[in-house]
Each structure stands twice: as C-alpha cells, then as structure tokens.
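K.L.:
First the structure, then my questions, so here it is.
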Amino acid sequence: MILLVDDRPENLLPLKKILELHRFSVDTAESGEEALKKVLKADYSVIVLDVQMPGMDGFEVANAIAGFSRARDTSILFLSAVNTDKKFITKGYTSGGIDYLTKPVDPDILVLKVKTFHKLYEQQQELRATQASLRKEVEVRKKAQEELAERMQELQAVLSSLPQMAFTVAPDGRIEYVNEHWYQYASDTSTFPNSHPDDHLCHDWEQALGNGVEFTREVRLKALNTDNYRYHLLRVIPIQQQGTLVRWIGTFTDIHPQKQAAELLEQQVRLRTNELLTKNEELERINQELQQFTWVVSHDLKEPLRKIQLLSDIVKVKYLSTNPEAAAYLDRSIQSSARMSDLIKDLLAYSQLSVHEPFQATNLNTLLADLLQDFDELIYQKQAILTIDELPVIDIIPTRIRQVFQNLLSNALKFSKPDVPPTINISAERVASKTIDSPPSPTGDYCRIIIRDNGIGFDEKFLNRIFIIFQRLHHRTHYEGTGIGLAIAKKNMDKHNGLISAQSRENEGASFILVLPVRQAGALLPN
C-alpha cells in the first residue's frame, strides 16, 4: 500500500488517481500527525511525503517514522514545491528519505520511482521471510542434530552394555563405533575381526553394503588371546531416515555353545537314525520270517487236524454207532478240532494283514454282490432280510475291505435274536471329514458306511474291547467264533487310513460305522 501525505487535498487527489490507475492501493493523510497514526496501524511500502506542511513538516515526520520498527522497510519519497535548495534536499536524505522530488513533478517519473520502491519493499519482505525461514530451519536442524547426538549417546550406551560385540557403520562402510567386546577379536576398527578364510566375510559384507540390505550370516571369528575360531551370528541392519541410509547397526553374537550342541545333536540323530534303520531292516526280516513261520505252522497244523477229524468221523460211523455216549464224546473232540482249524485260519489271515497291497478304485456294489453269494445258504436258513443302498466307487484294497464286510455280515447273522429273522441294512454317504459323526457333504473327501442289524447288540461300555484280538463278549458255548474277526476288520481299516466304530444297546441291535477316504495316494485306476 502507498501512503500520500499532503496538507492540500487538491494535491492528494490527482496523485492518488494516477497511482490507482497503475493498480496500487493508495491511502492518504492530510497532516504529519495523521500520517504517524496510520503508520502505527498499517504497513506501507512507499510514503510520498510533502515537505512544507503546517504543524509537523515532512522532515519531522520522516524522523519520527524512522523510529518505528514496522516501517523499517518503508521507502520515503519527499515531494516539495518550495524547499528546493540543496540544503533542504540534503536534509531530506539525512532524515530518512530515499528520494527527493520537486514540484511540479512528472507523473511518469513519480510512478516509476514508486514502482521501483514498491518492488524494493516486496523484495525486502521476501528476503526477511526467507531469512526467517532459514533461521527456523537452522534451529530445526540444530535441534535435530542435538537430538541425534543424544540418541547416538543413548545408542552407544546401549551397545556398550550388550554382551555381544556391537558396532555402528557409516553409510560409506567406515566403522564409527565399537564396544569393548570388539577388541577380543580385533585390534582396531579399520576392518571386521579376523574370520575363517572359508567364510568370505569381507567380500559378502561389501556386497550387502552396496545393496543396502540387511546382512545376516554365521561366521567363525578368531579370538586374539587363544587363536581359536568360535562361531558367531553376524547381523547388520540398515537404519534409514526419510528414505536415506544414515548408518548400519550390527552385532556379533557368540553361538559357539549352541553350534556345538546342534552338531552333537545332529550326530546323535544320525546315529539314532542309522540304529532305527538297522532295527527296521531287522524287524522287516523278522516279520517276513514270522509270516513264513505262521504260514508253515498253520499249514502243518491244518493237515493233522484234518486227519483227526476224518479219522474221528470214520471211528464214529464204523465202531460207535451202537454206543451213543462214546459218539457224543467223539463229537465234542471233532468240534474242538473244527474250532482249532478256524482259529488257525483266522490267525493266518491276521498275520498276512501287514503285507503291502496296492489301492485301486473299486465299486462297492459289485464287491458286496460277490460276497453275498458266500452267505446265500446262511441267509436262507435264517430267513434274513438285507437292504443295500447304492454304494460309491472308492479307492480300496478289495480283498481287505471284503474281509471287513465279511466279518461284519457274519456277526450280524450270527448274533441275531432267537426266532427273529435278521434284518440288515447297509447305507453309505459322503462326509466332510474323517470323524464318525462328520456332517454329510456331497463333495466330501470321505465315505461313511453304516451296517445296521436288529440282533442282540451289546453294552457300549465294552466298545473298546470288541476290536481287540481274542476279546469276546459272549461265551463260545452260545455263539461260535474265534474273537479275531473284528480285530481283523480294525487292522484293515487302519491300513486304509480309515475308522471303524459301533453304536449299540443290549437287545436293540448294533450299527457298525466305517469311514474311508474316497481317494488314496497312488491308487491304481480301474481296469
């Protein structure tokens, strides 16, 4: 803003119009006193001041304005029609004026001078703003440097208290600080401690330094007092501020005891693994020998038993037809031989379950249809009613799952109620998970098969016993059997990575539940 000061309004008006035409904001004062009051309240870039005024003249006003801090950058342009002598011009400059014009004044000259002084004012204001900004920035940087120095002191205090070797590195790779543990492995800070030649520490560190990434690795350092190498874990982390790398902070942690313990453990694991491999080979050999032994023993036992049964029948027919008591004793001997023959057969089947056989995709409907032919006579004798839902195609070992169904169907027919025709239902559904009570899922990975009957059932408190070999819930005088059938079923289900369980109440029938994976790893495709 421009301030025009003149005691004559007819002088102020044309000057104001001229300056406003050049887009200056103009204020006026008709006395020196009024001008001083306005300078105290507003900032002016240029003051055009008349020299000859009643009261305070222009020189006195300029002297007074020079004492105002807010007007220190304001340019004063004297304008006079009377005091044109050199001494008055000199007085104008000494009283704080920047220029001195005499009337009549050329308007163009006045405008040019005002523009020049106004521009000078703006530049001074910008300069002061820049200086203020620089002072503020200097203060901020000084404060930041002080804070950084404090943090560095704190960091060095922390690093010096660590049990590890700790150090800091400048962005150019120069080591700035090390704690006292450093000197156990290095005599100075010009480079890293001596490491094992095979570790290539310096070369790898230079690559990490160039890439600006975290560097972590195990190294072997040579202790100065013993010349022995000890394992250390080196970790160097880049520290950045506002995206600029300012330093690296690193530590060498002594891991020699842990390394020795790990190596000892690895050695023990290797020894133990070799022992287990040897034991496994020995067990496999013993298992094969046991299978051969079982087969030979069962084969050798079966032949005498057949002869005993055959000869007993001949003796009974030829020589005891007239002696009922002796025939009864002989019948008991024949029955015992038959039970022993069944036991040998089941034992042989149980021992052969460990033999590896491939899985293959199998239609359970076809498998069951073939199996039921073996039960035709027994089903007819007991007038049993069987209902079988549609069963899926899943990956199984057919002979093994056939054994499972055979034992479960045999039990359902065997443990039926007297004078009550057995009713057996077989159903299947896809389920989500390998659990007995898993919810149904059309796309589940497992198949749940339930075999229900209306037989004599059993108390569920004996559930864990029924799948153990030779465990029986009923005496053999009431129900025939060897106590091996469900154990065979359980082992076959384990071989299929499946589950078998049961639900029952006494005299209310039983439900045997099978859960099998639909797909097995490495299963063969169907022919």
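We label chains A, B, ... in the order they appear in the structure tokens, count residues from 1 in each chain, and number ligands from 1 in the order shown.
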Name the residues in contact with Glu30 of chain A at a cut-off of 7 Å, using only C-alpha atoms, excluding same-chain residues fewer than 2 positions from it; report them as a list in words.
P.N.:
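With the cut-off at 7 Å, the set is Val5, Asp6, Asp7, Arg8, Thr28 and Glu34 of chain A.
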K.L.:
Determine, counting only C-alpha atoms, which protein, DNA and RNA residues have an atom within 10 Å of an atom of segment 68-77 of chain A; residues of the same chain fewer than 5 positions away are not included. Present the result as a ChimeraX atom specification.
P.N.:
/A:2-4,36,39-51,58,62-63,92-93,95-101,110,113-114,116-118,120-125
K.L.:
Keeping N, CA and C atoms for every residue in the selection just given, could you write it to a file as a short mmCIF file (atom, residue, chain, number, x, y, z; two decimals), in the first residue's frame?
P.N.:
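See selection-v6.cif below for the written result:
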data_model
loop_
_atom_site.label_atom_id
_atom_site.label_comp_id
_atom_site.auth_asym_id
_atom_site.auth_seq_id
_atom_site.Cartn_x
_atom_site.Cartn_y
_atom_site.Cartn_z
N ILE A 2 0.42 2.31 -0.70
CA ILE A 2 1.13 3.58 -0.81
C ILE A 2 0.42 4.60 0.07
N LEU A 3 1.19 5.39 0.84
CA LEU A 3 0.62 6.45 1.67
C LEU A 3 1.05 7.80 1.10
N LEU A 4 0.05 8.65 0.77
CA LEU A 4 0.29 10.01 0.29
C LEU A 4 0.01 10.98 1.43
N LEU A 36 1.44 9.75 10.98
CA LEU A 36 2.08 8.91 12.00
C LEU A 36 1.10 7.91 12.60
N VAL A 39 0.70 5.07 10.11
CA VAL A 39 1.89 4.21 10.02
C VAL A 39 1.94 3.25 11.20
N LEU A 40 1.41 3.70 12.35
CA LEU A 40 1.39 2.81 13.52
C LEU A 40 0.39 1.66 13.35
N LYS A 41 -0.60 1.81 12.47
CA LYS A 41 -1.66 0.81 12.35
C LYS A 41 -1.54 -0.05 11.09
N ALA A 42 -0.85 0.43 10.06
CA ALA A 42 -0.80 -0.29 8.79
C ALA A 42 0.63 -0.30 8.25
N ASP A 43 0.86 -1.26 7.32
CA ASP A 43 2.17 -1.36 6.68
C ASP A 43 2.10 -0.70 5.31
N TYR A 44 3.07 0.14 5.00
CA TYR A 44 3.15 0.84 3.72
C TYR A 44 4.48 0.54 3.07
N SER A 45 4.44 0.28 1.76
CA SER A 45 5.68 0.04 1.04
C SER A 45 6.38 1.35 0.68
N VAL A 46 5.60 2.38 0.35
CA VAL A 46 6.17 3.69 -0.03
C VAL A 46 5.32 4.79 0.62
N ILE A 47 5.99 5.82 1.14
CA ILE A 47 5.30 7.02 1.65
C ILE A 47 5.78 8.22 0.82
N VAL A 48 4.82 8.86 0.11
CA VAL A 48 5.12 10.09 -0.64
C VAL A 48 4.79 11.26 0.29
N LEU A 49 5.81 11.96 0.74
CA LEU A 49 5.66 12.89 1.86
C LEU A 49 5.96 14.32 1.40
N ASP A 50 4.96 15.23 1.59
CA ASP A 50 5.16 16.65 1.29
C ASP A 50 6.02 17.27 2.39
N VAL A 51 6.94 18.14 1.98
CA VAL A 51 7.87 18.73 2.96
C VAL A 51 7.19 19.88 3.70
N GLY A 58 7.52 17.68 6.76
CA GLY A 58 7.86 16.34 6.25
C GLY A 58 9.11 15.77 6.88
N ALA A 62 9.40 12.23 8.84
CA ALA A 62 10.33 11.18 8.42
C ALA A 62 11.19 10.73 9.58
N ASN A 63 11.67 11.70 10.40
CA ASN A 63 12.48 11.35 11.56
C ASN A 63 11.69 10.48 12.54
N GLY A 92 16.57 16.17 3.54
CA GLY A 92 15.60 15.11 3.26
C GLY A 92 16.24 13.73 3.29
N TYR A 93 17.41 13.62 2.70
CA TYR A 93 18.08 12.33 2.70
C TYR A 93 18.53 11.93 4.10
N SER A 95 17.23 12.77 6.87
CA SER A 95 16.11 12.47 7.77
C SER A 95 15.44 11.14 7.48
N GLY A 96 15.94 10.40 6.48
CA GLY A 96 15.41 9.06 6.22
C GLY A 96 14.78 8.88 4.87
N GLY A 97 14.81 9.91 4.03
CA GLY A 97 14.22 9.79 2.71
C GLY A 97 15.08 8.98 1.76
N ILE A 98 14.42 8.36 0.83
CA ILE A 98 15.11 7.59 -0.20
C ILE A 98 15.33 8.44 -1.45
N ASP A 99 14.38 9.38 -1.70
CA ASP A 99 14.49 10.23 -2.87
C ASP A 99 13.81 11.57 -2.56
N TYR A 100 14.12 12.57 -3.41
CA TYR A 100 13.60 13.93 -3.18
C TYR A 100 13.22 14.49 -4.54
N LEU A 101 11.91 14.76 -4.72
CA LEU A 101 11.42 15.32 -5.97
C LEU A 101 10.84 16.71 -5.72
N LEU A 110 7.26 9.93 -11.27
CA LEU A 110 6.76 9.57 -9.94
C LEU A 110 6.32 8.10 -9.90
N LYS A 113 9.31 5.75 -9.96
CA LYS A 113 10.00 5.69 -8.67
C LYS A 113 9.19 4.90 -7.64
N VAL A 114 7.86 5.16 -7.66
CA VAL A 114 7.01 4.41 -6.72
C VAL A 114 7.06 2.92 -7.01
N THR A 116 9.51 1.31 -8.42
CA THR A 116 10.83 0.80 -8.01
C THR A 116 10.89 0.60 -6.51
N PHE A 117 10.42 1.58 -5.74
CA PHE A 117 10.47 1.47 -4.27
C PHE A 117 9.52 0.39 -3.76
N HIS A 118 8.36 0.26 -4.44
CA HIS A 118 7.41 -0.80 -4.04
C HIS A 118 8.00 -2.20 -4.28
N LEU A 120 11.16 -2.84 -4.39
CA LEU A 120 12.22 -2.99 -3.39
C LEU A 120 11.64 -3.44 -2.05
N TYR A 121 10.49 -2.88 -1.69
CA TYR A 121 9.82 -3.26 -0.45
C TYR A 121 9.42 -4.75 -0.47
N GLU A 122 8.83 -5.16 -1.59
CA GLU A 122 8.42 -6.56 -1.70
C GLU A 122 9.62 -7.50 -1.61
N GLN A 123 10.72 -7.11 -2.28
CA GLN A 123 11.93 -7.95 -2.22
C GLN A 123 12.48 -8.01 -0.80
N GLN A 124 12.43 -6.87 -0.10
CA GLN A 124 12.90 -6.87 1.29
C GLN A 124 12.03 -7.76 2.16
N GLN A 125 10.70 -7.71 1.89
CA GLN A 125 9.80 -8.57 2.66
C GLN A 125 10.08 -10.05 2.38
#
K.L.:
Within segment 309-417 of chain A, find each residue whose DSSP state, derived from the backbone, is alpha helix (DSSP H), and express the selection as a ChimeraX atom specification.
P.N.:
/A:309-319,324-351,364-372,376-382,398-414
K.L.:
Pick out the closest residue to Cys202 of chain A from this set: A:Thr366, A:Asn225, A:Ala412, A:Gly173. Count only C-alpha atoms.
P.N.:
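Between A:Thr366, A:Asn225, A:Ala412, A:Gly173, the residue approaching Cys202 of chain A most closely is A:Gly173.
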K.L.:
List as a list in words the protein and nucleic acid residues near Val236 of chain A, meaning an atom at most 6 Å away when only C-alpha atoms are counted, but skip any in the same chain fewer than 4 places from it.
P.N.:
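Residues meeting the cut-off are Glu214, Phe215, Ile249 and Gly250 of chain A.
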K.L.:
Pick from A:Asn454, A:Ser416, A:Gln268, A:Thr362: nearest to Ser504 of chain A, with only C-alpha atoms counted?
P.N.:
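Looking at the shortest contact to Ser504 of chain A, the residue is A:Asn454.
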K.L.:
Run DSSP on the backbone and tell me which residues of segment 47-292 of chain A come out as strand (DSSP E or B); list them as a PyMOL selection string.
P.N.:
chain A and resi 47-50+75-80+99-102+165-169+175-178+195+215-222+229-241+244-254
